[in-house]
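*Asks:* Structure file run14.pdb (PDB, C-alpha atoms) is given on the next line.
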```pdb
ATOM      1  CA  MET A1467       5.896 -19.523   2.167
ATOM      2  CA  GLU A1468       7.414 -16.622   4.085
ATOM      3  CA  TRP A1469       9.319 -13.868   2.284
ATOM      4  CA  HIS A1470      11.498 -11.008   3.539
ATOM      5  CA  LEU A1471      11.725  -8.378   0.793
ATOM      6  CA  LYS A1472      13.580  -5.089   0.407
ATOM      7  CA  THR A1473      12.367  -2.099  -1.567
ATOM      8  CA  PRO A1474      12.398  -1.096  -4.330
ATOM      9  CA  LEU A1475      10.745  -4.351  -5.413
ATOM     10  CA  SER A1476      11.416  -5.945  -8.783
ATOM     11  CA  GLY A1477       9.050  -7.755 -11.105
ATOM     12  CA  GLU A1478      10.740 -11.006 -10.071
ATOM     13  CA  ASP A1479      10.087 -10.280  -6.379
ATOM     14  CA  VAL A1480       6.398  -9.940  -7.146
ATOM     15  CA  LYS A1481       6.030 -12.902  -9.510
ATOM     16  CA  LYS A1482       7.329 -15.398  -6.942
ATOM     17  CA  LEU A1483       4.645 -14.437  -4.397
ATOM     18  CA  GLU A1484       1.571 -16.667  -4.172
ATOM     19  CA  ALA A1485      -1.796 -15.858  -2.599
ATOM     20  CA  GLY A1486      -1.614 -16.808   1.064
ATOM     21  CA  ASP A1487       2.145 -16.244   1.428
ATOM     22  CA  ILE A1488       3.436 -14.177   4.359
ATOM     23  CA  VAL A1489       5.581 -11.143   3.534
ATOM     24  CA  TYR A1490       7.746  -8.771   5.580
ATOM     25  CA  ILE A1491       9.023  -5.601   3.914
ATOM     26  CA  SER A1492      12.072  -3.482   4.728
ATOM     27  CA  GLY A1493      13.074  -0.233   3.057
ATOM     28  CA  GLU A1494      10.859   2.615   1.869
ATOM     29  CA  ILE A1495       7.083   2.588   1.629
ATOM     30  CA  LEU A1496       4.796   5.497   0.710
ATOM     31  CA  THR A1497       1.376   6.201   2.185
ATOM     32  CA  ALA A1498      -1.412   7.188  -0.211
ATOM     33  CA  ARG A1499      -5.166   7.467   0.229
ATOM     34  CA  ASP A1500      -7.990   8.831  -1.944
ATOM     35  CA  GLU A1501      -6.729  12.399  -2.420
ATOM     36  CA  ALA A1502      -3.136  11.331  -3.117
ATOM     37  CA  HIS A1503      -4.341   8.770  -5.685
ATOM     38  CA  ALA A1504      -6.420  11.446  -7.412
ATOM     39  CA  ARG A1505      -3.444  13.820  -7.566
ATOM     40  CA  ILE A1506      -1.067  11.102  -8.822
ATOM     41  CA  LEU A1507      -3.520  10.418 -11.673
ATOM     42  CA  GLU A1508      -3.841  14.149 -12.360
ATOM     43  CA  PHE A1509      -0.052  14.401 -12.704
ATOM     44  CA  ALA A1510      -0.079  11.424 -15.113
ATOM     45  CA  GLU A1511      -2.858  12.992 -17.208
ATOM     46  CA  ASN A1512      -0.921  16.251 -17.466
ATOM     47  CA  GLY A1513       2.382  14.501 -18.205
ATOM     48  CA  GLU A1514       3.931  16.012 -15.071
ATOM     49  CA  GLU A1515       6.692  14.367 -13.066
ATOM     50  CA  LEU A1516       5.856  13.340  -9.506
ATOM     51  CA  PRO A1517       7.965  14.754  -6.652
ATOM     52  CA  PHE A1518       8.604  11.133  -5.544
ATOM     53  CA  SER A1519       9.387   7.900  -7.377
ATOM     54  CA  LEU A1520       6.890   5.063  -7.759
ATOM     55  CA  GLU A1521       9.368   2.814  -9.583
ATOM     56  CA  GLY A1522       9.302  -0.525  -7.746
ATOM     57  CA  ALA A1523       7.345   1.215  -4.995
ATOM     58  CA  VAL A1524       5.170  -0.106  -2.196
ATOM     59  CA  ILE A1525       2.049   1.999  -1.566
ATOM     60  CA  TYR A1526       0.491   1.754   1.879
ATOM     61  CA  HIS A1527      -3.216   2.638   2.124
ATOM     62  CA  CYS A1528      -2.851   4.524   5.371
ATOM     63  CA  GLY A1529      -3.727   7.889   6.884
ATOM     64  CA  PRO A1530      -1.128   8.130   9.647
ATOM     65  CA  LEU A1531      -1.293  10.268  12.748
ATOM     66  CA  MET A1532       1.972  12.188  13.031
ATOM     67  CA  GLN A1533       3.555  14.337  15.722
ATOM     68  CA  GLN A1534       6.049  17.067  14.864
ATOM     69  CA  THR A1535       9.086  16.629  17.109
ATOM     70  CA  GLY A1536      11.188  19.582  16.011
ATOM     71  CA  GLU A1537      13.138  20.896  13.054
ATOM     72  CA  GLY A1538      15.835  19.039  11.199
ATOM     73  CA  LYS A1539      18.156  19.940   8.349
ATOM     74  CA  GLU A1540      17.312  23.062   6.340
ATOM     75  CA  GLY A1541      14.592  23.923   8.846
ATOM     76  CA  LYS A1542      12.358  21.073   7.676
ATOM     77  CA  PRO A1543      10.009  19.634  10.320
ATOM     78  CA  GLU A1544      10.893  16.314  11.905
ATOM     79  CA  TRP A1545       8.064  13.876  12.468
ATOM     80  CA  LYS A1546       7.281  10.913  14.683
ATOM     81  CA  VAL A1547       4.636   8.304  13.823
ATOM     82  CA  VAL A1548       1.974   8.022  16.512
ATOM     83  CA  SER A1549      -0.386   5.654  14.686
ATOM     84  CA  ALA A1550      -0.303   4.118  11.204
ATOM     85  CA  GLY A1551      -2.955   1.467  10.718
ATOM     86  CA  PRO A1552      -4.217   0.395   7.291
ATOM     87  CA  THR A1553      -7.140   2.121   5.592
ATOM     88  CA  THR A1554      -9.923   0.183   3.847
ATOM     89  CA  SER A1555      -8.543  -0.367   0.341
ATOM     90  CA  GLY A1556     -11.877  -0.709  -1.464
ATOM     91  CA  ARG A1557     -12.096   3.084  -1.756
ATOM     92  CA  MET A1558      -9.042   3.079  -4.032
ATOM     93  CA  SER A1559     -10.227   0.203  -6.290
ATOM     94  CA  LYS A1560     -11.335   2.373  -9.233
ATOM     95  CA  MET A1561      -8.169   4.503  -9.203
ATOM     96  CA  THR A1562      -5.754   1.564  -8.967
ATOM     97  CA  PRO A1563      -5.849   0.249 -12.585
ATOM     98  CA  PRO A1564      -4.971   3.651 -14.148
ATOM     99  CA  LEU A1565      -2.340   4.234 -11.456
ATOM    100  CA  LEU A1566      -0.684   0.874 -12.244
ATOM    101  CA  GLU A1567      -0.816   1.657 -15.943
ATOM    102  CA  ALA A1568       1.093   4.893 -15.354
ATOM    103  CA  HIS A1569       3.594   3.649 -12.742
ATOM    104  CA  ASN A1570       5.542   0.475 -11.855
ATOM    105  CA  VAL A1571       4.140   0.110  -8.347
ATOM    106  CA  ARG A1572       4.981  -3.435  -7.202
ATOM    107  CA  ALA A1573       2.914  -3.834  -4.029
ATOM    108  CA  ILE A1574      -0.103  -2.278  -2.351
ATOM    109  CA  ILE A1575      -0.674  -2.714   1.391
ATOM    110  CA  GLY A1576      -4.114  -2.235   2.902
ATOM    111  CA  LYS A1577      -7.044  -3.928   4.573
ATOM    112  CA  GLY A1578     -10.237  -5.519   3.300
ATOM    113  CA  GLY A1579      -9.118  -6.345  -0.242
ATOM    114  CA  MET A1580      -9.971  -4.597  -3.516
ATOM    115  CA  LYS A1581     -12.548  -5.341  -6.203
ATOM    116  CA  ASN A1582     -11.884  -5.584  -9.939
ATOM    117  CA  VAL A1583      -8.116  -5.035  -9.747
ATOM    118  CA  SER A1584      -6.819  -8.577 -10.421
ATOM    119  CA  GLU A1585      -6.354  -7.898 -14.141
ATOM    120  CA  ALA A1586      -4.501  -4.627 -13.460
ATOM    121  CA  LEU A1587      -2.200  -6.373 -10.955
ATOM    122  CA  LYS A1588      -1.374  -9.238 -13.316
ATOM    123  CA  ASP A1589       2.359  -9.812 -13.848
ATOM    124  CA  LYS A1590       3.348  -6.570 -12.115
ATOM    125  CA  CYS A1591       1.897  -6.005  -8.636
ATOM    126  CA  VAL A1592       0.467  -7.731  -5.547
ATOM    127  CA  TYR A1593      -2.035  -6.728  -2.891
ATOM    128  CA  LEU A1594      -0.779  -7.335   0.654
ATOM    129  CA  ALA A1595      -3.327  -7.467   3.469
ATOM    130  CA  TYR A1596      -2.446  -6.003   6.852
ATOM    131  CA  THR A1597      -4.686  -6.607   9.854
ATOM    132  CA  GLY A1598      -6.841  -3.682  10.888
ATOM    133  CA  GLY A1599      -6.409  -2.522  14.485
ATOM    134  CA  CYS A1600      -2.616  -2.867  14.360
ATOM    135  CA  ALA A1601      -1.929   0.875  14.196
ATOM    136  CA  ALA A1602       0.412   0.897  17.219
ATOM    137  CA  LEU A1603       2.341  -2.154  15.993
ATOM    138  CA  ALA A1604       2.690  -0.579  12.546
ATOM    139  CA  ALA A1605       4.056   2.604  14.144
ATOM    140  CA  GLU A1606       6.735   0.552  15.951
ATOM    141  CA  LEU A1607       7.879  -0.988  12.657
ATOM    142  CA  ILE A1608       8.301   2.452  11.051
ATOM    143  CA  LYS A1609      11.847   3.493  11.904
ATOM    144  CA  GLU A1610      11.967   6.890  10.212
ATOM    145  CA  VAL A1611       9.765   9.468   8.529
ATOM    146  CA  LYS A1612      12.013  10.364   5.591
ATOM    147  CA  THR A1613       9.879  13.132   4.117
ATOM    148  CA  VAL A1614       6.335  14.199   3.305
ATOM    149  CA  HIS A1615       4.764  15.414   0.062
ATOM    150  CA  TRP A1616       1.464  17.228  -0.521
ATOM    151  CA  LEU A1617       0.842  18.143   3.099
ATOM    152  CA  ASP A1618      -1.668  20.654   1.713
ATOM    153  CA  LEU A1619      -4.035  17.666   1.341
ATOM    154  CA  GLY A1620      -4.018  17.243   5.127
ATOM    155  CA  MET A1621      -2.044  14.918   7.385
ATOM    156  CA  PRO A1622      -3.927  11.663   6.601
ATOM    157  CA  GLU A1623      -4.083  12.330   2.842
ATOM    158  CA  ALA A1624      -0.470  13.440   2.310
ATOM    159  CA  VAL A1625       2.171  11.116   0.866
ATOM    160  CA  TRP A1626       4.506  10.126   3.696
ATOM    161  CA  VAL A1627       7.767   8.428   2.760
ATOM    162  CA  LEU A1628       8.588   5.983   5.545
ATOM    163  CA  ARG A1629      11.550   3.708   6.280
ATOM    164  CA  VAL A1630      10.359   0.403   7.681
ATOM    165  CA  GLU A1631      12.027  -2.731   9.003
ATOM    166  CA  GLU A1632      10.347  -6.138   8.741
ATOM    167  CA  PHE A1633       6.980  -4.465   8.205
ATOM    168  CA  GLY A1634       4.335  -7.146   8.609
ATOM    169  CA  PRO A1635       3.204  -9.812   8.792
ATOM    170  CA  LEU A1636       1.448  -9.111   5.494
ATOM    171  CA  ILE A1637      -0.613 -11.739   3.674
ATOM    172  CA  VAL A1638      -0.644 -11.884  -0.128
ATOM    173  CA  GLY A1639      -4.376 -11.316  -0.664
ATOM    174  CA  ILE A1640      -4.215 -10.900  -4.457
ATOM    175  CA  ASP A1641      -1.200 -12.242  -6.316
ATOM    176  CA  SER A1642       0.195 -11.255  -9.713
ATOM    177  CA  LYS A1643      -1.304 -14.363 -11.310
ATOM    178  CA  GLY A1644      -4.855 -13.208 -10.615
ATOM    179  CA  ARG A1645      -5.724 -15.284  -7.550
ATOM    180  CA  ASP A1646      -7.824 -13.226  -5.127
ATOM    181  CA  ILE A1647      -8.354 -14.715  -1.648
ATOM    182  CA  PHE A1648     -10.968 -12.086  -0.792
ATOM    183  CA  ALA A1649     -13.059 -12.958  -3.867
ATOM    184  CA  GLU A1650     -12.771 -16.670  -3.033
ATOM    185  CA  VAL A1651     -13.992 -16.118   0.534
ATOM    186  CA  ARG A1652     -16.888 -13.906  -0.688
ATOM    187  CA  GLU A1653     -17.883 -16.586  -3.207
ATOM    188  CA  LYS A1654     -17.860 -19.328  -0.554
ATOM    189  CA  ALA A1655     -19.816 -17.167   1.893
ATOM    190  CA  GLU A1656     -22.448 -16.336  -0.749
ATOM    191  CA  LYS A1657     -22.779 -20.032  -1.622
ATOM    192  CA  VAL A1658     -23.274 -21.012   2.036
ATOM    193  CA  PHE A1659     -25.744 -18.148   2.528
ATOM    194  CA  SER A1660     -27.811 -19.155  -0.517
ATOM    195  CA  GLU A1661     -27.840 -22.782   0.684
ATOM    196  CA  ILE A1662     -29.081 -21.670   4.128
ATOM    197  CA  LYS A1663     -31.814 -19.510   2.548
ATOM    198  CA  SER A1664     -33.029 -22.358   0.342
TER     199      SER A1664
END
```
Let me see whether you can do it: turn the structure in this file into structure tokens.

*Replies:*
Amino acid sequence: MEWHLKTPLSGEDVKKLEAGDIVYISGEILTARDEAHARILEFAENGEELPFSLEGAVIYHCGPLMQQTGEGKEGKPEWKVVSAGPTTSGRMSKMTPPLLEAHNVRAIIGKGGMKNVSEALKDKCVYLAYTGGCAALAAELIKEVKTVHWLDLGMPEAVWVLRVEEFGPLIVGIDSKGRDIFAEVREKAEKVFSEIKS
């Protein structure tokens, strides 16, 4: 199946997606890598409110390359996306379950899959795989840099709020029912490898 979804996503949006489906997303997505995940969890631990909303949010594992193009309203910098390819998601695997417990994030975009997150995703979130090496294509699909938070973490680690149109194609790698295509492929590969060895 092919789906065209708009953010913020609802629980129903997520529950209808099956592993292997193709998804295109329009609306707002937020980038977040290791440092941003750590700070989000720190805020949750301290009971502090985030400067951005993760209600129905789509988190993109991405460390974009940005170019400042000038100053906009209230003297805030204006930015242009130069490159915005997906980061390897495995690095965020351990931080994802507590993050999903604290916030209603509905989709995570990245590359390479994630380990031991199927249970945390169940009934609330999906993992969407984006092909690595598509940084220039991704940049074209980002229509506006709305704002940036935590730039003190550095450009790739900051949380960039982006407006996208038909962002994809994304493949549902782990659905909200627990099916994990990456785990299935690993299992098959290990089986073939063990058969070859024996």

*Asks:* If we count only C-alpha atoms and set the cut-off at 12 Å, which residues sit around A:Pro1530, ignoring sequence neighbours fewer than 2 positions away in its own chain? Please answer as a PDB file with C-alpha atoms, in the coordinates of the input.

*Replies:*
```
ATOM      1  CA  LEU A1496       4.796   5.497   0.710  1.00  0.00           C
ATOM      2  CA  THR A1497       1.376   6.201   2.185  1.00  0.00           C
ATOM      3  CA  ALA A1498      -1.412   7.188  -0.211  1.00  0.00           C
ATOM      4  CA  ARG A1499      -5.166   7.467   0.229  1.00  0.00           C
ATOM      5  CA  TYR A1526       0.491   1.754   1.879  1.00  0.00           C
ATOM      6  CA  HIS A1527      -3.216   2.638   2.124  1.00  0.00           C
ATOM      7  CA  CYS A1528      -2.851   4.524   5.371  1.00  0.00           C
ATOM      8  CA  MET A1532       1.972  12.188  13.031  1.00  0.00           C
ATOM      9  CA  GLN A1533       3.555  14.337  15.722  1.00  0.00           C
ATOM     10  CA  TRP A1545       8.064  13.876  12.468  1.00  0.00           C
ATOM     11  CA  LYS A1546       7.281  10.913  14.683  1.00  0.00           C
ATOM     12  CA  VAL A1547       4.636   8.304  13.823  1.00  0.00           C
ATOM     13  CA  VAL A1548       1.974   8.022  16.512  1.00  0.00           C
ATOM     14  CA  SER A1549      -0.386   5.654  14.686  1.00  0.00           C
ATOM     15  CA  ALA A1550      -0.303   4.118  11.204  1.00  0.00           C
ATOM     16  CA  GLY A1551      -2.955   1.467  10.718  1.00  0.00           C
ATOM     17  CA  PRO A1552      -4.217   0.395   7.291  1.00  0.00           C
ATOM     18  CA  THR A1553      -7.140   2.121   5.592  1.00  0.00           C
ATOM     19  CA  ALA A1601      -1.929   0.875  14.196  1.00  0.00           C
ATOM     20  CA  ALA A1602       0.412   0.897  17.219  1.00  0.00           C
ATOM     21  CA  ALA A1604       2.690  -0.579  12.546  1.00  0.00           C
ATOM     22  CA  ALA A1605       4.056   2.604  14.144  1.00  0.00           C
ATOM     23  CA  ILE A1608       8.301   2.452  11.051  1.00  0.00           C
ATOM     24  CA  VAL A1611       9.765   9.468   8.529  1.00  0.00           C
ATOM     25  CA  VAL A1614       6.335  14.199   3.305  1.00  0.00           C
ATOM     26  CA  GLY A1620      -4.018  17.243   5.127  1.00  0.00           C
ATOM     27  CA  MET A1621      -2.044  14.918   7.385  1.00  0.00           C
ATOM     28  CA  PRO A1622      -3.927  11.663   6.601  1.00  0.00           C
ATOM     29  CA  GLU A1623      -4.083  12.330   2.842  1.00  0.00           C
ATOM     30  CA  ALA A1624      -0.470  13.440   2.310  1.00  0.00           C
ATOM     31  CA  VAL A1625       2.171  11.116   0.866  1.00  0.00           C
ATOM     32  CA  TRP A1626       4.506  10.126   3.696  1.00  0.00           C
ATOM     33  CA  VAL A1627       7.767   8.428   2.760  1.00  0.00           C
ATOM     34  CA  LEU A1628       8.588   5.983   5.545  1.00  0.00           C
TER      35      LEU A1628
END
```

*Asks:* Could you tell me which of A:Gly1493, A:Gly1579, A:Gly1599, A:Pro1474 comes closest to A:Asp1641 if we count all atoms listed in the file?

*Replies:*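 Closest to A:Asp1641 of all the choices is A:Gly1579.
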
*Asks:* Which residues match the PyMOL selection byres ((chain A and resi 1577) around 9) in the file above, as a list in words?

*Replies:*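 Taken over the shown coordinates, the PyMOL selection byres ((chain A and resi 1577) around 9) returns His1527, Pro1552, Thr1553, Thr1554, Ser1555, Gly1556, Ile1575, Gly1576, Gly1578, Gly1579, Met1580, Leu1594, Ala1595, Tyr1596, Thr1597 and Gly1598 of chain A.
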
*Asks:* Given the file shown, enumerate the residues that the PyMOL selection byres ((chain A and resi 1562) around 12) captures and present them as a PyMOL selection string.

*Replies:* chain A and resi 1498-1500+1502-1504+1506-1507+1525+1527+1555-1561+1563-1574+1580-1587+1591-1593

*Asks:* Find the distance between atom CA of A:Gly1486 and atom CA of A:Lys1609 and write it in Å to one decimal.

*Replies:*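 We find that atom CA of A:Gly1486 and atom CA of A:Lys1609 lie 26.7 Å from each other.
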
*Asks:* For A:Glu1484, which residue out of A:Asp1589, A:Glu1544, A:Glu1537, A:Glu1656 is the nearest one, using only C-alpha atoms?

*Replies:*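 For A:Glu1484, the nearest of the given residues is A:Asp1589.
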
*Asks:* Would you mind listing what lies within 9 Å of A:Leu1607 as a VMD selection string, with all atoms listed in the file counted and same-chain residues fewer than 5 positions away left out?

*Replies:* chain A and resid 1602 1629 to 1634

*Asks:* Rebuild stretch 1602-1628 of chain A so that it carries N, CA, C and O atoms, then output the result as a CSV table (one decimal), in the frame of the given file.

*Replies:*
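The resulting selection-v3.csv:
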```csv
chain,number,residue,atom,x,y,z
A,1602,ALA,N,-0.7,0.7,16.3
A,1602,ALA,CA,0.4,0.9,17.2
A,1602,ALA,C,1.6,0.0,16.8
A,1602,ALA,O,2.7,0.4,16.8
A,1603,LEU,N,1.3,-1.2,16.4
A,1603,LEU,CA,2.3,-2.2,16.0
A,1603,LEU,C,3.0,-1.6,14.7
A,1603,LEU,O,4.2,-1.6,14.6
A,1604,ALA,N,2.2,-1.1,13.8
A,1604,ALA,CA,2.7,-0.6,12.5
A,1604,ALA,C,3.6,0.6,12.8
A,1604,ALA,O,4.7,0.7,12.2
A,1605,ALA,N,3.2,1.4,13.8
A,1605,ALA,CA,4.1,2.6,14.1
A,1605,ALA,C,5.4,2.2,14.7
A,1605,ALA,O,6.4,2.8,14.4
A,1606,GLU,N,5.5,1.1,15.4
A,1606,GLU,CA,6.7,0.6,16.0
A,1606,GLU,C,7.7,0.1,14.8
A,1606,GLU,O,8.9,0.1,15.0
A,1607,LEU,N,7.1,-0.4,13.8
A,1607,LEU,CA,7.9,-1.0,12.7
A,1607,LEU,C,8.4,0.1,11.7
A,1607,LEU,O,9.2,-0.2,10.8
A,1608,ILE,N,7.9,1.3,11.9
A,1608,ILE,CA,8.3,2.5,11.1
A,1608,ILE,C,9.5,3.1,11.8
A,1608,ILE,O,9.3,3.7,12.9
A,1609,LYS,N,10.6,3.0,11.2
A,1609,LYS,CA,11.8,3.5,11.9
A,1609,LYS,C,12.2,5.0,11.6
A,1609,LYS,O,12.9,5.6,12.4
A,1610,GLU,N,11.6,5.5,10.6
A,1610,GLU,CA,12.0,6.9,10.2
A,1610,GLU,C,10.9,7.5,9.3
A,1610,GLU,O,10.5,6.8,8.4
A,1611,VAL,N,10.6,8.7,9.5
A,1611,VAL,CA,9.8,9.5,8.5
A,1611,VAL,C,10.8,10.2,7.7
A,1611,VAL,O,11.4,11.2,8.1
A,1612,LYS,N,11.0,9.8,6.4
A,1612,LYS,CA,12.0,10.4,5.6
A,1612,LYS,C,11.6,11.7,5.1
A,1612,LYS,O,12.4,12.7,5.1
A,1613,THR,N,10.4,11.8,4.6
A,1613,THR,CA,9.9,13.1,4.1
A,1613,THR,C,8.4,13.0,3.9
A,1613,THR,O,7.8,12.0,4.0
A,1614,VAL,N,7.8,14.2,3.6
A,1614,VAL,CA,6.3,14.2,3.3
A,1614,VAL,C,6.1,15.1,2.1
A,1614,VAL,O,6.8,16.1,1.9
A,1615,HIS,N,5.2,14.7,1.2
A,1615,HIS,CA,4.8,15.4,0.1
A,1615,HIS,C,3.3,15.7,0.1
A,1615,HIS,O,2.5,14.9,0.7
A,1616,TRP,N,2.9,16.9,-0.4
A,1616,TRP,CA,1.5,17.2,-0.5
A,1616,TRP,C,0.8,17.3,0.8
A,1616,TRP,O,-0.4,16.9,1.0
A,1617,LEU,N,1.4,17.9,1.8
A,1617,LEU,CA,0.8,18.1,3.1
A,1617,LEU,C,-0.4,19.1,3.0
A,1617,LEU,O,-1.2,19.1,3.9
A,1618,ASP,N,-0.5,19.8,1.9
A,1618,ASP,CA,-1.7,20.7,1.7
A,1618,ASP,C,-3.0,19.8,1.6
A,1618,ASP,O,-4.1,20.4,1.9
A,1619,LEU,N,-2.9,18.5,1.4
A,1619,LEU,CA,-4.0,17.7,1.3
A,1619,LEU,C,-4.5,17.3,2.7
A,1619,LEU,O,-5.6,16.8,2.9
A,1620,GLY,N,-3.7,17.6,3.7
A,1620,GLY,CA,-4.0,17.2,5.1
A,1620,GLY,C,-3.2,16.1,5.6
A,1620,GLY,O,-2.7,15.3,4.7
A,1621,MET,N,-2.9,15.9,6.8
A,1621,MET,CA,-2.0,14.9,7.4
A,1621,MET,C,-2.4,13.5,6.9
A,1621,MET,O,-1.5,12.8,6.4
A,1622,PRO,N,-3.6,13.1,7.0
A,1622,PRO,CA,-3.9,11.7,6.6
A,1622,PRO,C,-3.8,11.4,5.1
A,1622,PRO,O,-3.6,10.3,4.7
A,1623,GLU,N,-4.0,12.5,4.3
A,1623,GLU,CA,-4.1,12.3,2.8
A,1623,GLU,C,-2.7,12.6,2.2
A,1623,GLU,O,-2.6,12.3,1.0
A,1624,ALA,N,-1.8,13.1,2.9
A,1624,ALA,CA,-0.5,13.4,2.3
A,1624,ALA,C,0.3,12.1,2.0
A,1624,ALA,O,-0.1,11.1,2.4
A,1625,VAL,N,1.3,12.3,1.2
A,1625,VAL,CA,2.2,11.1,0.9
A,1625,VAL,C,3.4,11.2,1.8
A,1625,VAL,O,4.2,12.0,1.7
A,1626,TRP,N,3.4,10.2,2.7
A,1626,TRP,CA,4.5,10.1,3.7
A,1626,TRP,C,5.5,9.1,3.2
A,1626,TRP,O,5.1,7.9,2.9
A,1627,VAL,N,6.7,9.4,3.2
A,1627,VAL,CA,7.8,8.4,2.8
A,1627,VAL,C,8.4,7.9,4.0
A,1627,VAL,O,9.0,8.6,4.8
A,1628,LEU,N,8.2,6.6,4.3
A,1628,LEU,CA,8.6,6.0,5.5
A,1628,LEU,C,9.7,4.9,5.3
A,1628,LEU,O,9.6,4.2,4.4
```
